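**Q** Pasting coords_12.txt below, which is compact mmCIF, C-alpha atoms.
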```txt
# COMPACT_ATOMS: atom_id res chain seq x y z
CA MET A 1 -6.37 7.67 -20.18
CA HIS A 2 -4.24 8.60 -23.18
CA ALA A 3 -2.71 5.79 -25.25
CA PHE A 4 0.60 4.28 -24.15
CA ASP A 5 2.57 1.07 -24.58
CA TYR A 6 2.93 -1.59 -21.93
CA VAL A 7 5.87 -3.93 -21.52
CA ALA A 8 6.51 -6.53 -18.83
CA PRO A 9 10.23 -7.33 -18.91
CA GLN A 10 11.43 -10.62 -17.42
CA THR A 11 14.83 -9.36 -16.28
CA VAL A 12 16.43 -6.28 -14.72
CA ALA A 13 18.54 -5.81 -17.86
CA GLU A 14 15.49 -5.84 -20.15
CA ALA A 15 13.78 -3.26 -17.94
CA VAL A 16 16.85 -0.99 -17.99
CA ALA A 17 17.00 -1.28 -21.79
CA VAL A 18 13.37 -0.19 -22.22
CA LEU A 19 13.76 2.61 -19.70
CA SER A 20 16.99 3.84 -21.31
CA GLU A 21 15.42 3.86 -24.75
CA ASN A 22 12.43 5.93 -23.61
CA GLY A 23 14.04 8.28 -21.08
CA SER A 24 11.64 10.40 -19.11
CA GLU A 25 8.70 9.14 -21.20
CA ALA A 26 8.88 5.73 -19.51
CA ARG A 27 7.57 5.02 -16.04
CA MET A 28 7.58 1.88 -13.93
CA LEU A 29 4.31 0.21 -12.95
CA ALA A 30 4.12 -1.67 -9.65
CA GLY A 31 0.74 -1.67 -7.86
CA GLY A 32 -0.61 1.13 -10.04
CA SER A 33 -2.49 2.87 -7.24
CA ASP A 34 -0.58 6.11 -7.81
CA ILE A 35 0.50 5.92 -11.46
CA ILE A 36 -2.83 4.75 -12.92
CA ALA A 37 -4.74 7.36 -10.90
CA GLN A 38 -2.27 10.03 -12.10
CA LEU A 39 -2.65 8.95 -15.75
CA LYS A 40 -6.44 8.95 -15.47
CA GLU A 41 -6.47 12.43 -14.02
CA GLY A 42 -4.06 13.76 -16.66
CA ARG A 43 -1.45 14.59 -14.02
CA ARG A 44 1.17 12.53 -15.82
CA ARG A 45 1.86 11.45 -19.41
CA VAL A 46 3.90 8.42 -20.41
CA LYS A 47 4.89 6.77 -23.68
CA VAL A 48 5.45 3.39 -22.08
CA LEU A 49 4.58 1.75 -18.77
CA VAL A 50 7.11 -0.85 -17.67
CA ASP A 51 5.62 -3.48 -15.36
CA VAL A 52 8.08 -4.41 -12.62
CA LYS A 53 6.09 -7.44 -11.46
CA LYS A 54 7.48 -10.07 -13.86
CA ILE A 55 11.08 -9.44 -12.76
CA PRO A 56 12.15 -12.10 -10.22
CA GLU A 57 14.19 -9.66 -8.06
CA ALA A 58 11.13 -7.40 -7.75
CA ASN A 59 9.08 -10.26 -6.31
CA GLU A 60 11.61 -11.20 -3.63
CA LEU A 61 10.46 -11.21 -0.01
CA SER A 62 13.14 -12.88 2.06
CA PHE A 63 14.55 -12.71 5.55
CA ASP A 64 17.83 -13.93 6.98
CA PRO A 65 18.70 -13.41 10.67
CA GLU A 66 22.15 -12.10 9.68
CA GLU A 67 21.49 -10.41 6.36
CA GLY A 68 18.13 -8.85 7.16
CA LEU A 69 15.01 -8.39 5.06
CA THR A 70 14.70 -7.78 1.32
CA ILE A 71 11.42 -6.61 -0.21
CA GLY A 72 11.16 -6.43 -4.00
CA ALA A 73 9.62 -3.36 -5.62
CA GLY A 74 6.60 -5.37 -6.81
CA VAL A 75 5.63 -6.95 -3.46
CA SER A 76 2.20 -5.80 -2.24
CA CYS A 77 1.51 -4.28 1.16
CA CYS A 78 -0.66 -7.32 2.02
CA ASP A 79 2.22 -9.67 1.27
CA VAL A 80 4.45 -7.55 3.51
CA TYR A 81 2.25 -7.36 6.59
CA GLU A 82 1.11 -10.98 6.33
CA ASN A 83 4.74 -12.16 6.30
CA GLU A 84 5.74 -13.89 9.54
CA HIS A 85 9.24 -12.39 9.57
CA VAL A 86 7.86 -8.89 9.14
CA ALA A 87 5.39 -9.47 11.96
CA SER A 88 8.04 -10.76 14.36
CA ASN A 89 11.09 -8.70 13.39
CA TYR A 90 9.82 -5.53 11.69
CA PRO A 91 6.39 -4.73 13.19
CA ALA A 92 6.79 -1.04 12.28
CA LEU A 93 6.63 -2.11 8.62
CA ALA A 94 3.27 -3.73 9.36
CA ASP A 95 2.16 -0.50 11.11
CA SER A 96 2.79 1.38 7.87
CA THR A 97 1.57 -1.11 5.28
CA GLU A 98 -1.65 -1.96 7.17
CA LEU A 99 -2.96 1.60 7.07
CA ILE A 100 -2.24 2.61 3.47
CA GLY A 101 -5.58 2.98 1.69
CA SER A 102 -8.14 0.18 1.76
CA ILE A 103 -7.74 -3.60 1.62
CA GLN A 104 -8.22 -3.23 -2.15
CA ILE A 105 -5.30 -0.79 -2.34
CA GLN A 106 -3.12 -2.88 0.00
CA GLY A 107 -3.53 -5.91 -2.28
CA ARG A 108 -1.74 -4.06 -5.09
CA ALA A 109 0.19 -1.09 -3.68
CA THR A 110 3.85 -1.64 -2.87
CA ILE A 111 6.50 -0.17 -0.59
CA GLY A 112 8.61 0.41 -3.69
CA GLY A 113 5.85 2.40 -5.35
CA ASN A 114 5.25 4.41 -2.20
CA LEU A 115 8.95 5.29 -2.10
CA CYS A 116 9.21 6.15 -5.82
CA ASN A 117 6.02 8.24 -5.74
CA ALA A 118 7.92 10.33 -3.17
CA SER A 119 4.94 11.94 -1.50
CA PRO A 120 5.86 14.08 1.53
CA ALA A 121 3.04 12.25 3.35
CA ALA A 122 4.02 8.72 2.25
CA ASP A 123 3.23 6.30 5.07
CA THR A 124 6.05 3.82 4.54
CA ILE A 125 8.97 6.20 4.08
CA PRO A 126 9.47 7.34 7.72
CA THR A 127 9.46 3.66 8.74
CA LEU A 128 11.97 2.77 6.01
CA ILE A 129 14.21 5.62 7.19
CA VAL A 130 14.23 4.67 10.88
CA LEU A 131 14.81 1.00 10.06
CA GLY A 132 17.95 2.04 8.16
CA ALA A 133 16.63 0.75 4.84
CA THR A 134 18.52 1.12 1.58
CA ALA A 135 16.99 1.31 -1.88
CA LYS A 136 18.64 -0.83 -4.57
CA THR A 137 18.29 0.63 -8.03
CA ALA A 138 19.39 -0.58 -11.45
CA GLY A 139 20.21 1.61 -14.42
CA PRO A 140 22.46 1.98 -17.46
CA ASP A 141 25.48 2.42 -15.15
CA GLY A 142 24.69 -0.70 -13.13
CA GLU A 143 23.25 -1.11 -9.67
CA ARG A 144 23.59 1.23 -6.72
CA GLU A 145 22.30 1.41 -3.17
CA VAL A 146 20.91 4.61 -1.70
CA ALA A 147 19.96 5.19 1.92
CA VAL A 148 16.22 5.84 1.98
CA GLU A 149 16.67 9.15 3.83
CA ASP A 150 18.60 10.39 0.77
CA PHE A 151 16.21 8.95 -1.84
CA CYS A 152 13.47 11.60 -2.09
CA THR A 153 14.57 15.04 -3.25
CA ALA A 154 11.27 16.96 -3.65
CA PRO A 155 7.57 16.12 -3.84
CA GLY A 156 7.33 13.39 -6.51
CA GLN A 157 11.09 13.54 -7.19
CA THR A 158 13.84 11.07 -6.33
CA VAL A 159 17.57 10.65 -6.90
CA MET A 160 16.87 8.19 -9.71
CA GLN A 161 17.92 9.27 -13.20
CA ASP A 162 16.27 8.42 -16.52
CA GLY A 163 16.82 4.74 -17.26
CA GLU A 164 17.06 3.83 -13.59
CA PHE A 165 14.46 1.99 -11.50
CA LEU A 166 13.96 0.66 -7.99
CA VAL A 167 14.55 -3.09 -7.77
CA SER A 168 14.15 -3.72 -4.04
CA VAL A 169 14.46 -2.30 -0.56
CA HIS A 170 16.80 -3.89 1.99
CA PHE A 171 16.55 -3.70 5.78
CA PRO A 172 19.38 -4.64 8.13
CA ALA A 173 18.72 -7.35 10.71
CA PRO A 174 17.20 -5.85 13.86
CA ALA A 175 19.67 -5.28 16.70
CA ALA A 176 19.18 -6.88 20.13
CA ASN A 177 17.01 -4.79 22.50
CA SER A 178 15.63 -2.77 19.62
CA GLY A 179 12.12 -1.83 18.57
CA ALA A 180 10.42 0.43 16.05
CA TYR A 181 7.00 2.01 15.74
CA PHE A 182 5.06 4.07 13.18
CA LEU A 183 1.87 6.08 13.53
CA ARG A 184 0.05 8.87 11.76
CA PHE A 185 -2.63 11.42 12.55
CA ILE A 186 -5.75 11.52 10.36
CA PRO A 187 -9.15 12.96 11.26
CA ARG A 188 -10.89 9.70 10.26
CA ASN A 189 -10.34 6.08 11.30
CA GLU A 190 -8.92 4.85 8.00
CA MET A 191 -8.65 5.61 4.25
CA ASP A 192 -6.96 8.98 4.54
CA ILE A 193 -3.69 10.77 3.86
CA ALA A 194 -1.54 11.64 6.85
CA VAL A 195 -1.81 15.14 8.30
CA VAL A 196 1.50 14.22 9.93
CA ASN A 197 3.16 10.84 10.44
CA ALA A 198 6.18 9.71 12.45
CA ALA A 199 8.38 6.69 13.00
CA ALA A 200 10.98 5.87 15.62
CA SER A 201 13.44 3.05 16.02
CA VAL A 202 15.33 2.66 19.30
CA THR A 203 18.02 0.37 20.62
CA LEU A 204 18.15 0.17 24.42
CA ASN A 205 21.06 -0.77 26.68
CA ALA A 206 21.24 -4.24 28.25
CA GLU A 207 19.32 -3.05 31.34
CA LYS A 208 16.70 -1.52 29.04
CA ASN A 209 16.61 1.71 31.00
CA ALA A 210 18.59 3.91 28.62
CA PHE A 211 18.77 4.58 24.89
CA ALA A 212 21.87 3.21 23.17
CA SER A 213 20.84 4.74 19.84
CA ALA A 214 17.73 5.93 18.05
CA ARG A 215 16.47 7.03 14.65
CA ILE A 216 13.45 9.28 14.17
CA ALA A 217 11.65 10.46 11.02
CA VAL A 218 8.52 12.54 10.47
CA GLY A 219 6.40 12.98 7.34
CA ALA A 220 4.06 15.61 5.87
CA VAL A 221 5.97 18.43 7.58
CA ALA A 222 8.43 19.22 4.76
CA PRO A 223 8.80 18.70 0.98
CA VAL A 224 10.21 15.22 1.67
CA PRO A 225 9.89 12.81 4.61
CA LEU A 226 12.36 14.18 7.17
CA TYR A 227 15.09 12.15 8.85
CA LEU A 228 15.96 13.83 12.16
CA PRO A 229 19.42 12.67 13.26
CA GLU A 230 19.54 15.33 16.02
CA ALA A 231 16.39 13.88 17.58
CA GLY A 232 18.01 10.45 17.74
CA GLU A 233 21.18 11.95 19.19
CA ALA A 234 19.11 13.64 21.90
CA LEU A 235 18.01 10.19 23.04
CA ALA A 236 21.29 8.27 22.69
CA GLY A 237 23.10 7.71 25.97
CA ASN A 238 20.24 9.05 28.08
CA GLU A 239 17.81 7.25 30.35
CA VAL A 240 14.39 6.25 29.09
CA SER A 241 12.22 8.98 30.64
CA ASP A 242 9.54 11.46 29.70
CA GLU A 243 12.11 14.27 29.96
CA THR A 244 14.49 12.60 27.50
CA ILE A 245 11.72 11.78 25.05
CA GLU A 246 10.43 15.35 25.26
CA LYS A 247 13.81 16.60 24.01
CA ALA A 248 13.41 14.53 20.84
CA ALA A 249 9.83 15.80 20.44
CA GLU A 250 11.05 19.39 20.74
CA ILE A 251 13.63 18.81 18.00
CA ALA A 252 10.89 17.37 15.79
CA ARG A 253 8.79 20.50 16.36
CA GLN A 254 11.75 22.76 15.57
CA SER A 255 12.69 20.78 12.44
CA ALA A 256 9.20 20.75 10.97
CA ARG A 257 8.65 23.26 8.18
CA PRO A 258 5.15 22.34 7.01
CA ILE A 259 2.62 24.13 4.84
CA THR A 260 -1.01 24.93 5.50
CA ASP A 261 -3.36 23.02 3.20
CA MET A 262 -6.76 21.29 3.25
CA ARG A 263 -5.47 18.66 5.70
CA GLY A 264 -3.97 20.90 8.35
CA THR A 265 -2.33 24.16 9.27
CA ILE A 266 1.31 24.94 9.89
CA GLU A 267 0.62 25.31 13.63
CA GLN A 268 -1.28 22.03 13.87
CA ARG A 269 1.40 20.14 11.96
CA ILE A 270 4.21 21.49 14.11
CA HIS A 271 2.28 20.49 17.22
CA LEU A 272 1.57 17.03 15.77
CA ALA A 273 5.24 16.50 14.86
CA GLY A 274 6.01 16.73 18.58
CA VAL A 275 3.08 14.59 19.74
CA LEU A 276 3.66 11.84 17.18
CA THR A 277 7.41 11.76 17.78
CA ARG A 278 6.77 11.27 21.50
CA ARG A 279 4.27 8.49 20.84
CA ALA A 280 6.47 6.82 18.21
CA VAL A 281 9.42 6.72 20.63
CA ARG A 282 7.26 5.34 23.43
CA GLY A 283 5.86 2.69 21.08
CA ALA A 284 9.36 1.75 19.95
CA VAL A 285 10.57 1.50 23.58
CA GLU A 286 7.67 -0.81 24.39
CA ARG A 287 8.58 -3.11 21.51
CA ALA A 288 12.24 -3.09 22.49
CA GLY A 289 11.35 -4.20 26.02
CA MET B 290 2.33 2.27 -30.59
CA ALA B 291 -0.43 1.05 -28.36
CA GLY B 292 -1.81 -1.66 -30.57
CA LYS B 293 -4.17 -4.19 -29.08
CA VAL B 294 -2.71 -6.82 -26.80
CA HIS B 295 -3.93 -10.40 -26.60
CA VAL B 296 -4.50 -11.45 -22.99
CA THR B 297 -5.29 -14.94 -21.68
CA THR B 298 -6.74 -15.13 -18.22
CA ASN B 299 -9.24 -17.04 -16.11
CA VAL B 300 -12.48 -15.34 -15.19
CA ASN B 301 -14.87 -17.07 -12.80
CA GLY B 302 -13.28 -20.43 -13.46
CA GLU B 303 -13.30 -20.21 -17.24
CA GLU B 304 -10.32 -19.71 -19.51
CA THR B 305 -10.94 -16.34 -21.13
CA GLU B 306 -9.16 -14.43 -23.89
CA PHE B 307 -9.56 -10.83 -24.88
CA LEU B 308 -7.92 -8.06 -26.87
CA CYS B 309 -7.40 -4.72 -25.21
CA GLU B 310 -5.33 -1.57 -25.40
CA PRO B 311 -2.73 -1.06 -22.65
CA ARG B 312 -4.71 1.93 -21.41
CA ASP B 313 -7.90 -0.11 -20.85
CA THR B 314 -8.42 -0.78 -17.17
CA LEU B 315 -9.37 -4.23 -15.98
CA LEU B 316 -12.78 -2.74 -15.18
CA ASP B 317 -13.14 -1.49 -18.79
CA VAL B 318 -12.27 -4.96 -20.08
CA LEU B 319 -14.64 -6.80 -17.75
CA ARG B 320 -17.55 -4.52 -18.57
CA ASP B 321 -17.01 -3.61 -22.22
CA ASN B 322 -15.13 -6.60 -23.68
CA LEU B 323 -16.48 -9.46 -21.58
CA GLY B 324 -19.96 -8.13 -20.80
CA LEU B 325 -19.50 -8.61 -17.06
CA THR B 326 -21.21 -5.43 -15.89
CA GLY B 327 -21.57 -6.39 -12.22
CA ALA B 328 -18.45 -4.48 -11.21
CA LYS B 329 -19.32 -0.77 -11.32
CA GLU B 330 -17.33 2.37 -11.93
CA GLY B 331 -18.07 4.69 -9.05
CA CYS B 332 -15.14 7.04 -8.49
CA GLY B 333 -12.65 5.57 -10.96
CA ASN B 334 -9.75 6.39 -8.64
CA GLY B 335 -9.67 3.70 -5.97
CA ASN B 336 -11.76 5.30 -3.26
CA CYS B 337 -15.20 3.70 -3.53
CA GLY B 338 -14.64 -0.03 -4.10
CA ALA B 339 -17.65 -0.44 -6.45
CA CYS B 340 -15.31 -2.09 -8.97
CA SER B 341 -13.93 -4.66 -6.49
CA VAL B 342 -12.87 -7.99 -7.98
CA ILE B 343 -10.68 -10.78 -6.63
CA VAL B 344 -7.42 -11.35 -8.52
CA ASP B 345 -5.25 -14.26 -7.45
CA GLY B 346 -6.88 -14.29 -4.02
CA ARG B 347 -6.61 -10.54 -3.36
CA VAL B 348 -9.54 -8.16 -3.57
CA ILE B 349 -8.50 -5.15 -5.66
CA ASN B 350 -10.00 -2.10 -7.35
CA SER B 351 -10.30 -3.12 -11.01
CA CYS B 352 -10.40 0.56 -11.99
CA LEU B 353 -6.76 0.87 -10.86
CA ALA B 354 -5.48 -2.20 -12.69
CA LEU B 355 -4.81 -2.58 -16.40
CA GLY B 356 -6.45 -5.29 -18.48
CA VAL B 357 -3.01 -6.29 -19.79
CA GLU B 358 -1.88 -7.03 -16.23
CA ALA B 359 -4.50 -9.81 -16.05
CA GLU B 360 -2.37 -12.13 -18.21
CA GLY B 361 -2.21 -15.49 -16.44
CA CYS B 362 -4.34 -14.37 -13.49
CA GLU B 363 -7.39 -15.91 -11.86
CA ILE B 364 -10.19 -13.40 -11.51
CA THR B 365 -13.46 -13.69 -9.59
CA THR B 366 -16.16 -11.11 -10.26
CA ILE B 367 -19.61 -10.80 -8.72
CA GLU B 368 -20.91 -12.92 -11.63
CA GLY B 369 -18.84 -15.83 -10.29
CA VAL B 370 -20.09 -15.65 -6.70
CA ALA B 371 -23.40 -17.50 -7.11
CA THR B 372 -23.24 -21.13 -8.26
CA SER B 373 -25.66 -23.38 -10.11
CA ALA B 374 -26.78 -24.51 -6.66
CA GLY B 375 -28.02 -21.01 -5.86
CA LEU B 376 -26.99 -17.75 -4.31
CA HIS B 377 -23.86 -17.44 -2.19
CA PRO B 378 -24.77 -17.13 1.52
CA LEU B 379 -23.62 -13.49 1.39
CA GLN B 380 -26.08 -12.74 -1.39
CA GLN B 381 -28.87 -14.50 0.52
CA LYS B 382 -28.09 -12.56 3.70
CA PHE B 383 -27.90 -9.24 1.84
CA LEU B 384 -31.46 -9.95 0.68
CA GLU B 385 -32.70 -11.04 4.12
CA HIS B 386 -31.18 -8.01 5.85
CA ALA B 387 -32.23 -5.62 3.09
CA ALA B 388 -28.57 -4.63 2.96
CA LEU B 389 -28.95 -2.67 -0.23
CA GLN B 390 -30.83 0.38 -1.37
CA CYS B 391 -29.87 1.66 -4.82
CA GLY B 392 -27.58 -1.38 -5.27
CA VAL B 393 -24.68 0.23 -7.10
CA CYS B 394 -22.20 -0.52 -4.31
CA THR B 395 -23.60 -4.01 -3.63
CA PRO B 396 -21.46 -6.10 -6.03
CA GLY B 397 -18.32 -4.49 -4.63
CA PHE B 398 -19.41 -5.07 -1.04
CA ILE B 399 -20.25 -8.72 -1.69
CA VAL B 400 -16.99 -9.41 -3.52
CA ALA B 401 -14.97 -7.67 -0.80
CA ALA B 402 -16.86 -9.47 1.97
CA LYS B 403 -16.35 -12.80 0.19
CA ALA B 404 -12.61 -12.13 0.06
CA LEU B 405 -12.72 -11.56 3.83
CA LEU B 406 -14.74 -14.68 4.66
CA ASP B 407 -12.63 -16.85 2.33
CA ARG B 408 -9.62 -15.79 4.38
CA GLU B 409 -11.09 -15.27 7.85
CA PRO B 410 -14.32 -17.22 8.46
CA GLU B 411 -15.01 -15.64 11.87
CA PRO B 412 -14.29 -11.90 11.71
CA ASP B 413 -15.69 -9.70 14.48
CA GLU B 414 -17.69 -6.56 13.73
CA HIS B 415 -14.65 -4.29 14.02
CA ARG B 416 -12.70 -6.43 11.57
CA ILE B 417 -15.60 -6.42 9.10
CA ARG B 418 -15.96 -2.63 9.30
CA LEU B 419 -12.23 -2.13 8.83
CA TRP B 420 -12.06 -4.59 5.91
CA LEU B 421 -15.00 -2.88 4.18
CA ALA B 422 -13.63 0.64 4.72
CA GLY B 423 -12.70 0.77 1.05
CA ASN B 424 -16.30 0.17 -0.07
CA LEU B 425 -18.51 3.24 0.03
CA CYS B 426 -22.32 3.16 0.10
CA ARG B 427 -23.69 6.51 -1.03
CA CYS B 428 -27.10 5.53 0.42
CA THR B 429 -25.17 5.14 3.72
CA GLY B 430 -26.72 1.77 4.54
CA TYR B 431 -23.61 0.50 6.28
CA ASP B 432 -25.18 -0.98 9.37
CA LYS B 433 -27.35 -3.47 7.49
CA ILE B 434 -24.41 -4.44 5.31
CA VAL B 435 -22.23 -5.17 8.33
CA ARG B 436 -25.05 -7.14 9.98
CA ALA B 437 -25.55 -9.17 6.81
CA VAL B 438 -21.85 -10.08 6.70
CA MET B 439 -21.84 -10.99 10.41
CA ASP B 440 -24.93 -13.16 9.94
CA THR B 441 -23.34 -14.83 6.89
CA ALA B 442 -20.24 -15.73 8.91
CA ARG B 443 -22.45 -17.23 11.65
CA THR B 444 -24.55 -19.20 9.15
CA MET B 445 -21.58 -20.52 7.20
CA LYS B 446 -19.97 -21.68 10.43
CA GLU B 447 -23.12 -23.60 11.43
CA THR B 448 -23.44 -25.31 8.06
CA VAL B 449 -19.81 -26.43 7.85
```
Write the structure described by the file as structure tokens, please.
**A**
Amino acid sequence: MHAFDYVAPQTVAEAVAVLSENGSEARMLAGGSDIIAQLKEGRRRVKVLVDVKKIPEANELSFDPEEGLTIGAGVSCCDVYENEHVASNYPALADSTELIGSIQIQGRATIGGNLCNASPAADTIPTLIVLGATAKTAGPDGEREVAVEDFCTAPGQTVMQDGEFLVSVHFPAPAANSGAYFLRFIPRNEMDIAVVNAAASVTLNAEKNAFASARIAVGAVAPVPLYLPEAGEALAGNEVSDETIEKAAEIARQSARPITDMRGTIEQRIHLAGVLTRRAVRGAVERAG
Amino acid sequence: MAGKVHVTTNVNGEETEFLCEPRDTLLDVLRDNLGLTGAKEGCGNGNCGACSVIVDGRVINSCLALGVEAEGCEITTIEGVATSAGLHPLQQKFLEHAALQCGVCTPGFIVAAKALLDREPEPDEHRIRLWLAGNLCRCTGYDKIVRAVMDTARTMKETV
């Protein structure tokens, strides 16, 4: 790796000051599983790495039945999926965090880093989108909250400006009769990057035989993880049936605009977008029941 | 910029200090500064697990951590697994099951397996295979490794 400086600020304000001073030559460090690999391979250069993990707000992992769940940008995947509130109230978050890399990666990698790395195939982002998560950032102009579906703008690019960093991700409290589910397709059993992934979150009516509302997102089929509001609208107000779910799957297929690369072809990815959407909705319905 | 940083940490139960550059990985520091060459560099990018160490109770790839991040941490490397009383049961079972061929992956496998057994004393075979998915054995001797870990769990349960 080339030489760089390292700072570990103790407060949000200190971090913003360092980031503002160094502009695009500064980069945040959370779990390091993307940034350190990128630096080693010469895919990125930095003047200073700013460690997020000494900032109290970045280590927060808290749940309140009314306020919802807050996960700081420095909290590891292991800490997320081992959390009792995540397990009972946000199992889709465990779906995502349990299959990123190996146990060694999960002990360091964070949801915040996965979001800021902005890979089209990121395994937490579709889940964050369907759970209605918002990203809280801090920068020279203060704090702001951005809906996760609006956060990524291109592969590796986000809405954050120089001097700004991700502090935490917030999830609203789960609604009654709701459930969410995430899955991905890979040709192996583990340790791979998604060919396609998908997440669904559904809220059912009191009788649990119809969709009140739904959110669906698919990954690795476009330059950024795709939120598909039309797919959710196709479910809302309709009975829980194979026919209804197939409508959402068809919208996912039509919305996908993937590329062909070493992991899959355009045709395969379009097909998978439909299959995984169907399975994600079914999994979410099961959890809502 | 990038002068050396003074880091105080705990390695295998001993207070340890070192100087390193921010760009030095934890693996670099363990091997080159502290002479702990048990952790190996295989891929250098987090795929092979040969550099596995336990930091604050979590098994991680030391090739994807910086030495400067170790400030205030508790680190266990393969050198800290055996005690003055003898080999750790995992090490004994790796020998009995001949669960190593060239041996380069072995420290990483034992450290990762120890992290599992410290946390879950009775994992089933599926759990062991999933947990060890981030440790690659280029000699492909996986079956004996998994059997050694299963036998260790059985033995440790009987001796408790």
**Q** Within 9 Å of Ala135 in chain A, counting all atoms listed in the file, which residues qualify if same-chain residues fewer than 2 places away don't, as a tab-separated table (two decimals) with C-alpha atoms, in the frame of the given file?
**A**
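Contents of selection32.tsv, freshly written:
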```tsv
chain	number	residue	atom	x	y	z
A	112	GLY	CA	8.61	0.41	-3.69
A	115	LEU	CA	8.95	5.29	-2.10
A	133	ALA	CA	16.63	0.75	4.84
A	137	THR	CA	18.29	0.63	-8.03
A	144	ARG	CA	23.59	1.23	-6.72
A	145	GLU	CA	22.30	1.41	-3.17
A	146	VAL	CA	20.91	4.61	-1.70
A	147	ALA	CA	19.96	5.19	1.92
A	148	VAL	CA	16.22	5.84	1.98
A	151	PHE	CA	16.21	8.95	-1.84
A	166	LEU	CA	13.96	0.66	-7.99
A	167	VAL	CA	14.55	-3.09	-7.77
A	168	SER	CA	14.15	-3.72	-4.04
A	169	VAL	CA	14.46	-2.30	-0.56
A	170	HIS	CA	16.80	-3.89	1.99
```
**Q** Would you please work out which residue, of A:Ile103, A:Ala94, A:Val12, A:Ala58, is nearest to chain B when using all atoms listed in the file?
**A** A:Ile103
**Q** Give one line per residue of chain A that approaches chain B to at most 12 Å, naming the two atoms of the closest pair and their distance in Å to one decimal, counting only C-alpha atoms; sort by chain then ascending residue number and deliver it as a Markdown table.
**A**
```
| residue | atom | partner | partner_atom | distance |
| --- | --- | --- | --- | --- |
| A:Met1 | CA | B:Arg312 | CA | 6.1 |
| A:His2 | CA | B:Arg312 | CA | 6.9 |
| A:Ala3 | CA | B:Arg312 | CA | 5.8 |
| A:Phe4 | CA | B:Ala291 | CA | 5.4 |
| A:Asp5 | CA | B:Ala291 | CA | 4.8 |
| A:Tyr6 | CA | B:Pro311 | CA | 5.7 |
| A:Val7 | CA | B:Pro311 | CA | 9.1 |
| A:Ala8 | CA | B:Glu358 | CA | 8.8 |
| A:Leu29 | CA | B:Glu358 | CA | 10.1 |
| A:Ala30 | CA | B:Ala354 | CA | 10.1 |
| A:Gly31 | CA | B:Ala354 | CA | 7.9 |
| A:Gly32 | CA | B:Leu353 | CA | 6.2 |
| A:Ser33 | CA | B:Leu353 | CA | 5.9 |
| A:Asp34 | CA | B:Leu353 | CA | 8.7 |
| A:Ile35 | CA | B:Leu353 | CA | 8.9 |
| A:Ile36 | CA | B:Leu353 | CA | 5.9 |
| A:Ala37 | CA | B:Asn334 | CA | 5.6 |
| A:Gln38 | CA | B:Asn334 | CA | 9.0 |
| A:Leu39 | CA | B:Arg312 | CA | 9.2 |
| A:Lys40 | CA | B:Asn334 | CA | 8.0 |
| A:Glu41 | CA | B:Asn334 | CA | 8.7 |
| A:Arg45 | CA | B:Arg312 | CA | 11.7 |
| A:Val46 | CA | B:Arg312 | CA | 10.8 |
| A:Lys47 | CA | B:Met290 | CA | 8.6 |
| A:Val48 | CA | B:Ala291 | CA | 8.9 |
| A:Leu49 | CA | B:Pro311 | CA | 8.7 |
| A:Val50 | CA | B:Glu358 | CA | 11.0 |
| A:Asp51 | CA | B:Glu358 | CA | 8.3 |
| A:Val52 | CA | B:Glu358 | CA | 10.9 |
| A:Lys53 | CA | B:Glu358 | CA | 9.3 |
| A:Lys54 | CA | B:Glu358 | CA | 10.1 |
| A:Ser76 | CA | B:Arg347 | CA | 10.1 |
| A:Cys77 | CA | B:Arg347 | CA | 11.2 |
| A:Cys78 | CA | B:Arg347 | CA | 8.6 |
| A:Asp79 | CA | B:Arg347 | CA | 10.0 |
| A:Glu82 | CA | B:Arg408 | CA | 11.9 |
| A:Glu98 | CA | B:Leu419 | CA | 10.7 |
| A:Leu99 | CA | B:Leu419 | CA | 10.1 |
| A:Ile100 | CA | B:Gly423 | CA | 10.9 |
| A:Gly101 | CA | B:Gly423 | CA | 7.5 |
| A:Ser102 | CA | B:Gly423 | CA | 4.7 |
| A:Ile103 | CA | B:Trp420 | CA | 6.2 |
| A:Gln104 | CA | B:Ile349 | CA | 4.0 |
| A:Ile105 | CA | B:Ile349 | CA | 6.3 |
| A:Gln106 | CA | B:Ile349 | CA | 8.1 |
| A:Gly107 | CA | B:Arg347 | CA | 5.7 |
| A:Arg108 | CA | B:Ile349 | CA | 6.9 |
| A:Ala109 | CA | B:Ile349 | CA | 9.8 |
| A:Arg188 | CA | B:Ala422 | CA | 11.0 |
| A:Asn189 | CA | B:Leu419 | CA | 8.8 |
| A:Glu190 | CA | B:Ala422 | CA | 7.1 |
| A:Met191 | CA | B:Ala422 | CA | 7.1 |
| A:Asp192 | CA | B:Asn336 | CA | 9.9 |
```
**Q** Between A:Val16, A:Ala214, A:Ala220, A:Ile259, which is the closest to Pro120 in chain A once you count all atoms listed in the file?
**A**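 Smallest distance to Pro120 in chain A is found for A:Ala220.
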**Q** Using all atoms listed in the file, which protein or nucleic acid residues come within 7 Å of range 320-329 of chain B? Drop anything in the same chain fewer than 3 positions from it, and give the result as a list in words.
**A** Leu316, Asp317, Ala339, Cys340, Ser341, Ile367, Glu368, Val393, Pro396 and Gly397 of chain B
**Q** Figure out the distance between CA of Val435 in chain B and CA of Arg418 in chain B, please, to one decimal in Å.
**A** 6.8 Å
**Q** Leaving out Ala388 in chain B and any residue of its chain fewer than 2 positions from it, which residues lie within 9 Å of it when counting only C-alpha atoms, given as a PyMOL selection string?
**A** chain B and resi 382-386+390+392+395+430-437
**Q** Grab the CA of Ala154 in chain A to CA of Val224 in chain A distance for me, in Å with one decimal place.
**A**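 About the pair CA of Ala154 in chain A and CA of Val224 in chain A: they are 5.7 Å apart.
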